[in-house]
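Reviewing the structure listed below.
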Amino acid sequence: MVENYAVLPCNGLDKSAGVISGEIAIKLCENEKNEIICPVFYRVTDAKYNKIAGEHPLLVIDGCPTRCASKLAAEKNLKISQKILITEEAKNHHIELNSGLRILENEKSLIEIILNGLNKAEAQHAQSSDENTIQFDFDYETFQNGKFNFRVPKNPQVYYNENDCWAWVFGNRARIGVTDFVQQNLSDILYFTPPEIGAEIDQFGEVGDIESSKALVALISPVSGEVVAINESLVQKPEMINENPYELGWVAEIELADFESDKELLIGFDKYFELMKKKVENTNG
Amino acid sequence: MSETTFMGVERGKIDWKPTIDYSKCDYCMECTKFCPHKVFEVHENDEIKLIVKNPNNCVVFCRACSKICGPDALSFPDKNATTQRIKEIRKEESNG
């Protein structure tokens with residue numbers, strides 16, 4: 001059972017997805033150990049909900065990709081433990097939402113699926129242990145721009161794409177993540193959406209999202225293959241990507257499907273270091 | 001400023017840009033606020049108030065604006081077809 005959460009729905013009343021977010025929050029808070037946060041009242045006053053949000057892990061429920069609840073959480077500087085996007089859930093489960101604002105059969109089914117999914121995820125989380133024991137010995141080259149340092153690993157096993165993601169290839173696997181360019185641009189990372197273990201990813205396919213109050217960035221996989229591991233620690237501590245996106249802040253591991261072909265469109269340290277410098281200069285004017 | 005090449009291929013040769021479905025777009029302009037590359041342009045006084053002004057500024061394979069689009073009005077080309085096309089162009093250019 002999902003419990004002990006502070007639940008922040010967008011509660012948007014002009015779309016069925018928003019109404020569903022509110023309904024799920026109500027259902028979760030019928031369990032007395034969860035606490036609801038009203039987004040409307042929270043905009044007006046901080047005191048009541050800052051306390052609740054400080055005492056419980058935060059579950060954010062956005063209706064549509066405008067992500068009003070996520071934005072509110074970012075404005076209030078809240079750390080998000082878990083997130084649901086109703087329109088995406090509907091798409092994933094092939095459920096068409098009605099254009100009205102009433103909760104009908106389809107909406108009821110989706111609510112049930114999401115609540116069951118939350119319970120399952122909670123159970124898995126309770127059982128999961130940290131098995132991320134592989135250590136890589138990164139050797140960095142750094143350049144500085146103003147007060148910011150940009151590191152790039154020089155190791156020959158590390159490949160880059162021009163979307164600022166890296167892959168350390170070892171045997172038939174690669175560990176992947178974002179570079180310092182991404183984390184410096186995003187500033188404080190507040191939320192990480194991991195890819196699903198077992199998902200088949202094409203080269204340049206998306207393997208998770210990273211969000212700060214400034215932006216949302218999808219991690220574009222440098223390699224193709226199956227996701228065989230994710231960095232579970234990032235779900236609770238996405239700020240580890242800011243601390244070091246290569247070591248503790250790695251994102252996922254991929255069982256390689258066709259690295260020889262993928263390699264054609266990847267670059268090594270020399271080229272990426274120059275490219276990143278150019279990007280930093282352009283970004284800063 | 002936009003990159004002029006992507007993976008060694010002239011950016012203008014790569015078809016990667018958002019397409020706006022005007023039947024869904026509600027002109028909330030979240031995409032213009034979100035995209036740092038000035039891909040979109042707002043025409044406040046026109047009937048069509050939002051256009052894709054600088055398609056070549058769009059970062060190839062980035063679809064972030066479509067993810068923050070409330071009415072789901074933005075779409076992108078097929079990623080695999082784009083990858084394939086980049087490989088073909090590189091091959092054509094290396095052959096001569």
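In the structure tokens, chains take the letters A, B, ... in the order shown, each chain's residues start at 1, and ligands count up from 1 in the order shown.
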Identify, with DSSP run on backbone atoms, the residues in region 32-91 of chain B assigned to strand (DSSP E or B), and express the list as a ChimeraX atom specification. /B:40-42,50-52,74-75
Taking only C-alpha atoms into account and nothing else, which residues of chain B lie no more than 9 Å away from chain A? Please answer as a PyMOL selection string. chain B and resi 1-3+6-7+30+34-35+59-72+79-80+83+86-87
Restricting it to C-alpha atoms, dump the selection as an mmCIF file, in the first residue's frame.
```cif
data_model
loop_
_atom_site.group_PDB
_atom_site.id
_atom_site.type_symbol
_atom_site.label_atom_id
_atom_site.label_comp_id
_atom_site.auth_asym_id
_atom_site.auth_seq_id
_atom_site.Cartn_x
_atom_site.Cartn_y
_atom_site.Cartn_z
ATOM 1 C CA MET B 1 23.755 30.303 -32.089
ATOM 2 C CA SER B 2 23.015 27.073 -33.907
ATOM 3 C CA GLU B 3 25.507 24.388 -34.808
ATOM 4 C CA PHE B 6 25.620 17.626 -36.868
ATOM 5 C CA MET B 7 27.738 14.480 -36.930
ATOM 6 C CA GLU B 30 5.055 27.230 -23.424
ATOM 7 C CA PHE B 34 11.010 26.529 -23.038
ATOM 8 C CA CYS B 35 13.205 26.203 -26.149
ATOM 9 C CA VAL B 59 18.855 20.112 -31.855
ATOM 10 C CA VAL B 60 18.719 16.884 -33.841
ATOM 11 C CA PHE B 61 16.998 14.131 -31.794
ATOM 12 C CA CYS B 62 15.773 16.583 -29.137
ATOM 13 C CA ARG B 63 11.987 16.428 -28.655
ATOM 14 C CA ALA B 64 11.813 18.160 -25.317
ATOM 15 C CA CYS B 65 9.295 20.800 -26.466
ATOM 16 C CA SER B 66 6.813 18.090 -27.434
ATOM 17 C CA LYS B 67 7.073 16.683 -23.920
ATOM 18 C CA ILE B 68 6.016 19.909 -22.284
ATOM 19 C CA CYS B 69 3.239 20.619 -24.796
ATOM 20 C CA GLY B 70 -0.059 20.385 -22.904
ATOM 21 C CA PRO B 71 -2.335 19.863 -25.948
ATOM 22 C CA ASP B 72 0.159 17.433 -27.591
ATOM 23 C CA LYS B 79 14.214 9.050 -35.272
ATOM 24 C CA ASN B 80 15.427 5.856 -36.964
ATOM 25 C CA THR B 83 19.649 8.291 -38.193
ATOM 26 C CA ILE B 86 22.551 10.849 -41.646
ATOM 27 C CA LYS B 87 24.520 7.647 -42.247
#
```
Using DSSP assignments from the backbone, pull out every residue in region 71-103 of chain A that falls under alpha helix (DSSP H) and give it to me as an MDAnalysis selection string. chainID A and resid 71:75 86:92
Please determine, counting only C-alpha atoms, which residue among B:Ile20, B:Asp15, B:Asn54, B:Glu44 has the shortest atom-to-atom distance to Arg85 (chain B). B:Asp15
Can you tell me which residues surround Val235 (chain A) at a distance of at most 9 Å, considering only C-alpha atoms, apart from same-chain residues fewer than 5 positions away, and format the answer as a VMD selection string? chain A and resid 81 to 82 191 to 194
Name the residues in contact with Asn244 (chain A) at a cut-off of 9 Å, using only C-alpha atoms, excluding same-chain residues fewer than 6 positions from it; report them as number ranges by chain. A: 179-180, 183, 250
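Straight-line separation from CA of Glu226 (chain A) to CA of Asn172 (chain A): 11.0 Å.
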Got a sec: who's within 10 Å of Asp139 (chain A), counting only C-alpha atoms, leaving out chain neighbours fewer than 5 positions off, as a CSV table (one decimal) with C-alpha atoms, in the first residue's frame?
```
chain,number,residue,atom,x,y,z
A,151,ARG,CA,34.9,17.9,-17.1
A,152,VAL,CA,35.2,15.4,-19.9
A,153,PRO,CA,36.6,11.9,-19.4
A,154,LYS,CA,39.6,11.2,-21.6
A,155,ASN,CA,39.4,7.4,-21.3
A,156,PRO,CA,39.4,5.7,-24.8
```
Go through B:Glu10, B:Val52, B:Ala73, B:Thr5 one by one, measure the shortest atom-to-atom distance of each to Tyr27 (chain B) using only C-alpha atoms, and give the residue with the smallest value.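 Looking only at the distances to Tyr27 (chain B), the closest residue turns out to be B:Ala73.
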Work out how far CA of Leu59 (chain A) is from CA of Tyr5 (chain A), in Å to one decimal. 6.3 Å
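Taking CA of Lys237 (chain A) as the reference point, CA of Leu190 (chain A) is found at 8.4 Å.
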